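Novice: See start19.pdb below, with PDB, C-alpha atoms and all ligand atoms.
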```pdb
ATOM      1  CA  MET E   6      29.756 -21.951 -21.397
ATOM      2  CA  PRO E   7      28.688 -18.307 -21.524
ATOM      3  CA  GLU E   8      25.367 -17.742 -19.911
ATOM      4  CA  SER E   9      24.197 -15.557 -22.801
ATOM      5  CA  ARG E  10      23.887 -18.596 -25.039
ATOM      6  CA  PHE E  11      20.968 -19.745 -22.947
ATOM      7  CA  MET E  12      19.328 -16.415 -22.389
ATOM      8  CA  VAL E  13      15.980 -16.025 -24.055
ATOM      9  CA  LYS E  14      14.866 -12.495 -24.881
ATOM     10  CA  PRO E  15      11.794 -11.977 -22.699
ATOM     11  CA  CYS E  16       8.410 -11.237 -24.237
ATOM     12  CA  ILE E  17       8.049  -7.473 -24.803
ATOM     13  CA  VAL E  18       4.454  -7.558 -23.601
ATOM     14  CA  CYS E  19       4.457  -9.708 -20.454
ATOM     15  CA  GLY E  20       8.125 -10.455 -19.757
ATOM     16  CA  GLY E  21       7.494 -14.189 -20.183
ATOM     17  CA  ARG E  22      10.411 -16.387 -21.192
ATOM     18  CA  GLU E  23       8.624 -19.406 -22.585
ATOM     19  CA  PHE E  24       7.817 -19.531 -26.272
ATOM     20  CA  ARG E  25       6.400 -22.062 -28.635
ATOM     21  CA  TYR E  26       7.314 -22.384 -32.270
ATOM     22  CA  TRP E  27       4.747 -21.259 -34.830
ATOM     23  CA  ALA E  28       6.353 -20.956 -38.260
ATOM     24  CA  THR E  29       9.492 -20.199 -40.230
ATOM     25  CA  ARG E  30       9.639 -17.639 -42.988
ATOM     26  CA  LYS E  31      12.707 -16.639 -45.005
ATOM     27  CA  GLY E  32      14.788 -18.678 -42.576
ATOM     28  CA  ILE E  33      13.513 -16.782 -39.523
ATOM     29  CA  ASP E  34      11.337 -18.361 -36.844
ATOM     30  CA  VAL E  35       8.132 -16.867 -35.544
ATOM     31  CA  VAL E  36       7.489 -17.861 -31.932
ATOM     32  CA  ILE E  37       4.550 -17.309 -29.594
ATOM     33  CA  CYS E  38       4.780 -16.339 -25.920
ATOM     34  CA  THR E  39       3.031 -19.123 -24.007
ATOM     35  CA  GLN E  40       1.988 -16.667 -21.306
ATOM     36  CA  CYS E  41       0.283 -13.870 -23.266
ATOM     37  CA  GLY E  42       0.053 -15.087 -26.865
ATOM     38  CA  HIS E  43       2.189 -12.361 -28.383
ATOM     39  CA  GLY E  44       4.086 -13.468 -31.482
ATOM     40  CA  ARG E  45       7.516 -12.303 -32.523
ATOM     41  CA  SER E  46      10.111 -12.924 -35.193
ATOM     42  CA  GLU E  47      13.461 -14.169 -33.941
ATOM     43  CA  LEU E  48      15.327 -11.633 -36.038
ATOM     44  CA  PRO E  49      19.114 -11.579 -36.017
ATOM     45  CA  GLU E  50      20.588  -8.679 -34.041
ATOM     46  CA  THR E  51      22.056  -7.217 -37.234
ATOM     47  CA  TYR E  52      18.622  -6.738 -38.795
ATOM     48  CA  ALA E  53      17.931  -3.445 -37.012
ATOM     49  CA  THR E  54      21.042  -1.816 -38.453
ATOM     50  CA  ASP E  55      20.297  -2.529 -42.088
ATOM     51  CA  ILE E  56      16.528  -2.112 -41.859
ATOM     52  CA  GLU E  57      16.538   0.725 -44.391
ATOM     53  CA  GLU E  58      17.631  -1.634 -47.142
ATOM     54  CA  HIS E  59      14.355  -3.509 -46.850
ATOM     55  CA  TYR E  60      12.285  -0.476 -47.780
ATOM     56  CA  ASP E  61      13.961   0.721 -50.952
ATOM     57  CA  ASP E  62      12.163   1.510 -54.223
ATOM     58  CA  GLY E  63      11.714  -2.210 -54.831
ATOM     59  CA  TYR E  64       9.622  -2.731 -51.691
ATOM     60  CA  TYR E  65       7.163  -0.053 -52.723
ATOM     61  CA  HIS E  66       6.926  -1.182 -56.332
ATOM     62  CA  ALA E  67       6.361  -4.745 -55.221
ATOM     63  CA  MET E  68       3.565  -3.566 -52.924
ATOM     64  CA  SER E  69       2.148  -1.357 -55.721
ATOM     65  CA  TYR E  70       2.117   1.616 -53.370
ATOM     66  CA  ASP E  71       2.342   4.027 -56.286
ATOM     67  CA  ARG E  72      -0.979   2.928 -57.653
ATOM     68  CA  ARG E  73      -4.473   3.294 -56.303
ATOM     69  CA  TRP E  74      -3.799   6.712 -54.810
ATOM     70  CA  ARG E  75      -7.437   7.744 -54.636
ATOM     71  CA  PHE E  76      -8.544   4.492 -53.079
ATOM     72  CA  ARG E  77      -5.875   4.702 -50.396
ATOM     73  CA  VAL E  78      -6.572   8.347 -49.575
ATOM     74  CA  GLY E  79     -10.269   7.533 -49.312
ATOM     75  CA  ARG E  80      -9.576   4.687 -46.911
ATOM     76  CA  ALA E  81      -7.256   6.865 -44.797
ATOM     77  CA  THR E  82      -9.959   9.555 -44.676
ATOM     78  CA  ARG E  83     -12.405   7.014 -43.317
ATOM     79  CA  TRP E  84     -10.111   6.056 -40.417
ATOM     80  CA  LEU E  85      -9.186   9.676 -39.705
ATOM     81  CA  ARG E  86     -12.862  10.569 -39.348
ATOM     82  CA  TYR E  87     -12.916   8.289 -36.297
ATOM     83  CA  VAL E  88      -9.886  10.100 -34.898
ATOM     84  CA  ALA E  89     -11.611  13.440 -35.537
ATOM     85  CA  GLU E  90     -14.501  12.363 -33.326
ATOM     86  CA  ILE E  91     -12.108  12.128 -30.372
ATOM     87  CA  LYS E  92      -9.648  14.878 -31.301
ATOM     88  CA  PRO E  93     -11.206  17.189 -33.874
ATOM     89  CA  PRO E  94      -9.110  19.305 -36.256
ATOM     90  CA  PRO E  95      -7.464  21.767 -36.569
ATOM     91  CA  GLY E  96      -4.093  20.736 -35.163
ATOM     92  CA  ASN E  97      -0.802  19.168 -36.082
ATOM     93  CA  MET E  98      -0.890  15.610 -37.285
ATOM     94  CA  LEU E  99       2.070  13.294 -37.880
ATOM     95  CA  ASP E 100       1.794  10.126 -39.899
ATOM     96  CA  ILE E 101       4.486   7.603 -39.045
ATOM     97  CA  GLY E 102       5.372   5.363 -41.934
ATOM     98  CA  CYS E 103       3.731   7.920 -44.214
ATOM     99  CA  SER E 104       4.726   6.080 -47.374
ATOM    100  CA  MET E 105       3.527   8.077 -50.386
ATOM    101  CA  GLY E 106       1.403  10.352 -48.206
ATOM    102  CA  TYR E 107      -2.121   8.919 -48.237
ATOM    103  CA  TYR E 108      -2.816   9.823 -44.611
ATOM    104  CA  LEU E 109      -1.230  13.234 -45.151
ATOM    105  CA  ALA E 110      -3.576  14.014 -48.012
ATOM    106  CA  ALA E 111      -6.527  12.737 -45.978
ATOM    107  CA  ALA E 112      -5.455  14.757 -42.914
ATOM    108  CA  ARG E 113      -5.235  17.959 -44.935
ATOM    109  CA  ARG E 114      -8.651  17.278 -46.421
ATOM    110  CA  LEU E 115     -10.111  17.016 -42.899
ATOM    111  CA  GLY E 116      -8.410  20.179 -41.631
ATOM    112  CA  TRP E 117      -5.206  19.058 -39.908
ATOM    113  CA  THR E 118      -1.715  20.331 -40.710
ATOM    114  CA  PRO E 119       0.021  17.161 -41.865
ATOM    115  CA  TYR E 120       3.579  16.007 -41.229
ATOM    116  CA  GLY E 121       5.026  12.697 -42.294
ATOM    117  CA  THR E 122       7.969  10.499 -41.497
ATOM    118  CA  ASP E 123       9.239   7.314 -43.061
ATOM    119  CA  ILE E 124      12.412   5.299 -43.324
ATOM    120  CA  SER E 125      12.107   5.065 -47.101
ATOM    121  CA  ARG E 126      13.664   8.041 -48.847
ATOM    122  CA  HIS E 127      11.894   6.996 -52.034
ATOM    123  CA  ALA E 128       8.482   7.234 -50.343
ATOM    124  CA  LEU E 129       9.365  10.561 -48.711
ATOM    125  CA  LYS E 130      10.230  12.054 -52.062
ATOM    126  CA  VAL E 131       6.749  11.206 -53.332
ATOM    127  CA  ALA E 132       5.023  12.376 -50.127
ATOM    128  CA  ASN E 133       6.947  15.636 -50.248
ATOM    129  CA  ALA E 134       5.671  16.313 -53.737
ATOM    130  CA  HIS E 135       2.192  16.432 -52.194
ATOM    131  CA  GLY E 136       3.278  19.359 -50.067
ATOM    132  CA  ALA E 137       3.453  17.981 -46.526
ATOM    133  CA  GLY E 138       6.330  18.525 -44.090
ATOM    134  CA  THR E 139       8.144  15.225 -44.292
ATOM    135  CA  PHE E 140      11.343  13.954 -42.742
ATOM    136  CA  TRP E 141      13.372  10.772 -42.458
ATOM    137  CA  SER E 142      13.604   9.174 -39.015
ATOM    138  CA  LEU E 143      14.075   5.848 -37.289
ATOM    139  CA  HIS E 144      12.987   6.892 -33.796
ATOM    140  CA  PRO E 145      11.081   9.753 -32.102
ATOM    141  CA  ASP E 146      14.339  10.867 -30.425
ATOM    142  CA  GLY E 147      15.504  11.789 -33.915
ATOM    143  CA  PHE E 148      12.476  13.891 -34.909
ATOM    144  CA  PRO E 149      13.562  17.359 -36.136
ATOM    145  CA  ASP E 150      13.456  20.425 -33.881
ATOM    146  CA  TRP E 151      11.078  22.235 -36.216
ATOM    147  CA  LEU E 152       8.341  19.646 -35.670
ATOM    148  CA  PRO E 153       5.577  21.306 -33.601
ATOM    149  CA  PRO E 154       3.841  19.537 -30.674
ATOM    150  CA  LEU E 155       1.445  16.986 -32.110
ATOM    151  CA  ASP E 156      -2.292  16.742 -31.595
ATOM    152  CA  VAL E 157      -2.655  13.541 -33.572
ATOM    153  CA  VAL E 158      -0.305  10.755 -34.583
ATOM    154  CA  THR E 159      -1.235   7.978 -36.943
ATOM    155  CA  ALA E 160       0.725   4.766 -37.438
ATOM    156  CA  ALA E 161      -0.939   2.348 -39.814
ATOM    157  CA  GLN E 162       0.907  -0.922 -40.386
ATOM    158  CA  VAL E 163       4.043   0.361 -38.642
ATOM    159  CA  ILE E 164       4.303  -0.866 -35.045
ATOM    160  CA  GLU E 165       4.567  -4.503 -36.116
ATOM    161  CA  HIS E 166       7.802  -3.642 -37.945
ATOM    162  CA  LEU E 167       9.517  -2.367 -34.789
ATOM    163  CA  HIS E 168      12.013  -4.273 -32.664
ATOM    164  CA  ASP E 169      11.053  -2.336 -29.585
ATOM    165  CA  PRO E 170       7.579  -0.871 -30.067
ATOM    166  CA  ILE E 171       7.228   0.017 -26.378
ATOM    167  CA  ASP E 172      10.351   2.175 -26.421
ATOM    168  CA  TYR E 173       9.200   3.821 -29.659
ATOM    169  CA  LEU E 174       5.658   4.489 -28.469
ATOM    170  CA  SER E 175       6.774   5.901 -25.151
ATOM    171  CA  ALA E 176       9.355   8.206 -26.764
ATOM    172  CA  LEU E 177       6.572   9.366 -29.058
ATOM    173  CA  ARG E 178       4.532  10.679 -26.124
ATOM    174  CA  GLY E 179       7.192  13.368 -25.644
ATOM    175  CA  HIS E 180       6.100  14.958 -28.927
ATOM    176  CA  MET E 181       2.396  15.067 -28.092
ATOM    177  CA  VAL E 182       0.279  17.834 -26.675
ATOM    178  CA  SER E 183      -1.416  16.813 -23.447
ATOM    179  CA  GLY E 184      -4.404  14.660 -24.412
ATOM    180  CA  GLY E 185      -3.069  14.127 -27.925
ATOM    181  CA  VAL E 186      -4.403  11.065 -29.708
ATOM    182  CA  ILE E 187      -2.673   8.215 -31.490
ATOM    183  CA  TYR E 188      -4.332   5.931 -34.008
ATOM    184  CA  VAL E 189      -2.597   2.603 -34.502
ATOM    185  CA  GLN E 190      -3.471   0.006 -37.082
ATOM    186  CA  VAL E 191      -1.806  -3.416 -36.908
ATOM    187  CA  PRO E 192      -2.427  -6.803 -38.502
ATOM    188  CA  ASN E 193      -4.470  -9.216 -36.413
ATOM    189  CA  PHE E 194      -2.354 -12.211 -35.368
ATOM    190  CA  GLN E 195      -5.558 -14.152 -34.703
ATOM    191  CA  LYS E 196      -6.238 -14.033 -38.424
ATOM    192  CA  LEU E 197      -2.857 -15.606 -39.202
ATOM    193  CA  LEU E 198      -3.352 -18.217 -36.505
ATOM    194  CA  ARG E 199      -6.770 -19.001 -37.920
ATOM    195  CA  GLN E 200      -5.597 -19.417 -41.492
ATOM    196  CA  GLY E 201      -2.328 -21.182 -40.639
ATOM    197  CA  PRO E 202       1.276 -20.407 -41.561
ATOM    198  CA  GLU E 203       1.074 -22.075 -44.975
ATOM    199  CA  LYS E 204      -1.138 -19.247 -46.299
ATOM    200  CA  PRO E 205       0.664 -16.134 -47.582
ATOM    201  CA  TYR E 206       1.234 -13.474 -44.934
ATOM    202  CA  MET E 207       3.659 -10.676 -44.165
ATOM    203  CA  GLY E 208       6.132 -12.173 -41.725
ATOM    204  CA  PRO E 209       9.816 -11.840 -40.994
ATOM    205  CA  PRO E 210      12.024 -10.120 -41.716
ATOM    206  CA  GLU E 211       9.682  -7.125 -42.233
ATOM    207  CA  HIS E 212       7.280  -7.949 -39.413
ATOM    208  CA  ALA E 213       8.928  -8.277 -36.031
ATOM    209  CA  GLN E 214       5.786  -8.340 -33.848
ATOM    210  CA  PHE E 215       2.528 -10.254 -34.141
ATOM    211  CA  PHE E 216      -0.165  -8.636 -32.038
ATOM    212  CA  THR E 217      -3.387 -10.054 -30.743
ATOM    213  CA  ILE E 218      -6.108  -7.736 -29.585
ATOM    214  CA  GLU E 219      -4.872  -8.158 -26.006
ATOM    215  CA  THR E 220      -1.183  -7.721 -26.691
ATOM    216  CA  ILE E 221      -1.559  -4.517 -28.725
ATOM    217  CA  ARG E 222      -3.596  -3.010 -25.894
ATOM    218  CA  ARG E 223      -1.001  -4.049 -23.311
ATOM    219  CA  THR E 224       1.788  -2.707 -25.524
ATOM    220  CA  MET E 225       0.102   0.701 -25.742
ATOM    221  CA  GLU E 226      -0.495   0.790 -22.002
ATOM    222  CA  LYS E 227       3.063  -0.257 -21.170
ATOM    223  CA  ALA E 228       4.237   2.639 -23.335
ATOM    224  CA  GLY E 229       2.178   4.996 -21.170
ATOM    225  CA  TRP E 230      -0.817   5.580 -23.440
ATOM    226  CA  GLU E 231      -4.433   5.479 -22.286
ATOM    227  CA  VAL E 232      -6.361   3.282 -24.663
ATOM    228  CA  VAL E 233      -9.667   4.955 -25.506
ATOM    229  CA  GLN E 234     -10.983   2.884 -28.391
ATOM    230  CA  TYR E 235     -10.427  -0.799 -28.171
ATOM    231  CA  PRO E 236     -11.393  -2.411 -30.393
ATOM    232  CA  LYS E 237     -14.554  -0.393 -30.722
ATOM    233  CA  LEU E 238     -14.241   2.181 -33.453
ATOM    234  CA  ARG E 239     -17.172   4.416 -32.823
ATOM    235  CA  PRO E 240     -17.036   6.477 -29.672
ATOM    236  CA  SER E 241     -20.148   6.369 -27.596
ATOM    237  CA  THR E 242     -22.210   9.205 -28.977
ATOM    238  CA  ILE E 243     -25.451   8.284 -27.279
ATOM    239  CA  GLY E 244     -27.208  11.568 -26.728
ATOM    240  CA  PRO E 245     -30.045  12.499 -24.454
ATOM    241  CA  LYS E 246     -32.662  12.208 -27.166
ATOM    242  CA  LEU E 247     -34.219   8.956 -28.262
ATOM    243  CA  TRP E 248     -33.974   9.755 -31.963
ATOM    244  CA  GLN E 249     -30.249  10.297 -31.480
ATOM    245  CA  TRP E 250     -29.310   7.141 -29.643
ATOM    246  CA  LEU E 251     -31.786   4.702 -31.137
ATOM    247  CA  PRO E 252     -29.970   4.268 -34.489
ATOM    248  CA  GLU E 253     -26.720   3.946 -32.534
ATOM    249  CA  LEU E 254     -28.178   1.233 -30.354
ATOM    250  CA  VAL E 255     -29.868  -0.636 -33.168
ATOM    251  CA  PHE E 256     -27.213  -0.372 -35.879
ATOM    252  CA  GLU E 257     -23.857   0.584 -34.439
ATOM    253  CA  TYR E 258     -23.749  -1.337 -31.186
ATOM    254  CA  PRO E 259     -24.400  -4.793 -32.661
ATOM    255  CA  ARG E 260     -21.957  -3.977 -35.454
ATOM    256  CA  GLU E 261     -19.254  -3.211 -32.925
ATOM    257  CA  LEU E 262     -19.953  -6.378 -30.991
ATOM    258  CA  THR E 263     -19.555  -8.258 -34.258
ATOM    259  CA  ARG E 264     -16.340  -6.399 -34.922
ATOM    260  CA  GLU E 265     -14.912  -7.407 -31.577
ATOM    261  CA  ALA E 266     -16.000 -11.028 -32.028
ATOM    262  CA  ASN E 267     -14.573 -11.086 -35.550
ATOM    263  CA  THR E 268     -11.277  -9.681 -34.317
ATOM    264  CA  ARG E 269     -11.013 -12.295 -31.599
ATOM    265  CA  ASN E 270     -11.940 -15.219 -33.807
ATOM    266  CA  GLY E 271      -9.570 -14.066 -36.532
ATOM    267  CA  ARG E 272     -12.019 -13.033 -39.215
ATOM    268  CA  LEU E 273     -10.688  -9.474 -39.379
ATOM    269  CA  SER E 274      -7.258  -8.840 -40.899
ATOM    270  CA  ASN E 275      -6.509  -5.573 -39.101
ATOM    271  CA  MET E 276      -7.036  -4.046 -35.689
ATOM    272  CA  HIS E 277      -7.622  -0.355 -35.005
ATOM    273  CA  ILE E 278      -6.616   1.108 -31.676
ATOM    274  CA  MET E 279      -6.859   4.688 -30.453
ATOM    275  CA  ALA E 280      -5.147   5.988 -27.349
ATOM    276  CA  ARG E 281      -4.547   9.280 -25.621
ATOM    277  CA  ALA E 282      -1.366  10.795 -24.226
ATOM    278  CA  PRO E 283      -2.070  11.311 -20.505
ATOM    279  CA  GLN E 284      -2.963  14.859 -19.456
TER     280      GLN E 284
HETATM  281 ZN    ZN E 301       4.137 -12.544 -23.385
END
```
Mind turning this structure into structure tokens?
Specialist:
Amino acid sequence: MPESRFMVKPCIVCGGREFRYWATRKGIDVVICTQCGHGRSELPETYATDIEEHYDDGYYHAMSYDRRWRFRVGRATRWLRYVAEIKPPPGNMLDIGCSMGYYLAAARRLGWTPYGTDISRHALKVANAHGAGTFWSLHPDGFPDWLPPLDVVTAAQVIEHLHDPIDYLSALRGHMVSGGVIYVQVPNFQKLLRQGPEKPYMGPPEHAQFFTIETIRRTMEKAGWEVVQYPKLRPSTIGPKLWQWLPELVFEYPRELTREANTRNGRLSNMHIMARAPQ
């Protein structure tokens, strides 16, 4: 019997080869690495080649991406303000999985020059209408030559769709300026584990990876990024003066502790990670 029949694809995070079953969705199993807790969909090999089909007009209409423009731009602006505290504008910013261009609009508002990429040509058409430099791509190796070196990259609800996020994230570093910052937002697997697989959730085939707070950090680090905000969102801005750091200590610090606890115990749906391309 060919050996390949018994080969288990190792865990992308820790290399472990032991998995336990968690759930089945649309005929595809979701399994959990017993060593590190990372979840993954056991997608058929053919899925990667016809991935584009999953993000046609229908996907976006079903997700009502066309609606609530102002709400979504406002939310993107809020996250980008955190990025700006680490890597202030101006500069070139690329949003991966730019969809209709919410982050692009927010980036322009805050002073960056926005670029966007997506695998949905429908979404790109809409994003383009908002005047950002957009292009279709599946992988950073295929980014166009005209794309300038990037100061900031954002990828909200993207990495969990990738078959090989480590390869993608490390190829991405080649497009960054030294010290460039990436903001990644992924769903919190702890939340799904807490609520159980019978509750509605985005699973396979769209979602290939299920990150916990530990496994997203390890994924970023394996791809060569230096995690700077994890899972804390506010950078430490404690200044020399009492009136500056007191509100931070009293209001922000406990809030961040709560955020971390709520991420770990699965009360928060999404995780926000920022990392820097090494100097
Ligand atoms: Zn693992």
Novice: Applied to this file, what does the PyMOL selection byres (((not hetatm)) within 6 of (chain E and resi 301)) return in terms of residues, put as number ranges by chain?
Specialist: E: 16, 18-21, 38, 40-43
Novice: At a cut-off of 6 Å, using only C-alpha atoms, what residues contact Gly185 of chain E? Leave out same-chain residues fewer than 5 positions from it and give the result as a list in words.
Specialist: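 So, after excluding close chain neighbours, the residues are Asp156, Val157, Arg281 and Ala282 of chain E.
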Novice: Give the answer as one residue: which of E:Ala228, E:Ile171, E:Ala160, E:Leu197 has the shortest atom-to-atom distance to Trp84 of chain E, using all atoms listed in the file?
Specialist: E:Ala160
Novice: Would you translate the PyMOL selection byres (((chain E and resi 213) around 8) and not hetatm) into the concrete set of residues it matches in this file, as a list in words?
Specialist: Arg45, Ser46, Glu47, Leu48, Glu165, His166, Leu167, His168, Gly208, Pro209, Pro210, Glu211, His212, Gln214 and Phe215 of chain E
Novice: Measuring atom to atom with only C-alpha atoms, identify which of E:Leu155, E:Leu198, E:Ile164, E:Val78 is nearest to Pro95 of chain E.
Specialist: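 Residue with the minimum atom-to-atom distance to Pro95 of chain E: E:Leu155.
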Novice: I need the residue set behind the PyMOL selection byres (((chain E and resi 261-271) around 6) and not hetatm) for this file; please write it as a CSV table (one decimal) with C-alpha atoms, keeping the file's coordinate frame.
Specialist:
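The resulting out-v6.csv:
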```
chain,number,residue,atom,x,y,z
E,195,GLN,CA,-5.6,-14.2,-34.7
E,196,LYS,CA,-6.2,-14.0,-38.4
E,199,ARG,CA,-6.8,-19.0,-37.9
E,237,LYS,CA,-14.6,-0.4,-30.7
E,258,TYR,CA,-23.7,-1.3,-31.2
E,259,PRO,CA,-24.4,-4.8,-32.7
E,260,ARG,CA,-22.0,-4.0,-35.5
E,272,ARG,CA,-12.0,-13.0,-39.2
E,273,LEU,CA,-10.7,-9.5,-39.4
```
Novice: Determine the nearest neighbour of Val233 of chain E from the options E:Ala161, E:Lys92, E:Arg86, E:Ser125, counting only C-alpha atoms.
Specialist: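 For Val233 of chain E, the nearest of the candidates is E:Lys92.
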Novice: Can you pull out every residue within 9 Å of Leu109 of chain E, counting only C-alpha atoms, but drop anything in the same chain fewer than 6 positions away, and send it as a list in words?
Specialist: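 So the residues in contact are Val78, Ala81, Met98, Leu99, Asp100, Cys103, Trp117, Thr118, Pro119, Tyr120, Gly121, Ala132, His135 and Ala137 of chain E.
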Novice: Expressed in Å to a single decimal, how great is the separation between atom CA of Ile37 of chain E and atom CA of Arg222 of chain E?
Specialist: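 Distance between the two atoms: 16.9 Å.
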Novice: One decimal, Å: what's the distance from atom CA of Thr29 of chain E over to atom CA of Lys227 of chain E, could you say?
Specialist: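 Computing the Euclidean distance for atom CA of Thr29 of chain E and atom CA of Lys227 of chain E yields 28.3 Å.
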Novice: Taking all atoms listed in the file into account, which of E:Leu251, E:Ile91, E:Val189, E:Met181 comes nearest Pro283 of chain E?
Specialist: E:Met181
Novice: Write out as a ChimeraX atom specification each polymer residue whose atoms come within 8 Å of Asn275 of chain E, counting only C-alpha atoms; drop sequence neighbours fewer than 3 positions from it.
Specialist: /E:190-193,268
Novice: Between atom CA of Tyr173 of chain E and atom CA of Trp230 of chain E, measure the distance and give it in Å to one decimal.
Specialist: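 Separation of atom CA of Tyr173 of chain E and atom CA of Trp230 of chain E: 11.9 Å.
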Novice: Have a look at E:Arg113, E:Arg223, E:Arg80, E:Arg30 and name the one nearest to Gly96 of chain E; count all atoms listed in the file.
Specialist: E:Arg113
Novice: Ile278 of chain E: which residues within 6 Å, counting only C-alpha atoms, same-chain residues fewer than 4 positions away excluded, as a ChimeraX atom specification?
Specialist: /E:188-189,234-235
Novice: Applying 7 Å and only C-alpha atoms, which residues near Thr122 of chain E remain after dropping the ones on its own chain fewer than 5 positions away? List them as a list in words.
Specialist: Asp100, Ile101, Gly102, Cys103, Thr139, Phe140, Trp141 and Ser142 of chain E
Novice: If you take every atom of segment 192-195 of chain E that the file lists and fit an axis-aligned box around them with 8 Å extra on each side, what centre and edge lengths come out in Å to one decimal, as lines of an AutoDock Vina configuration file?
Specialist:
```
center_x = -4.0
center_y = -10.5
center_z = -36.6
size_x = 19.2
size_y = 23.3
size_z = 19.8
```
Novice: Under the rule that all atoms listed in the file are counted, which of E:Thr82, E:Tyr87, E:Phe194, E:Gly138 is the nearest residue to Tyr206 of chain E?
Specialist: E:Phe194
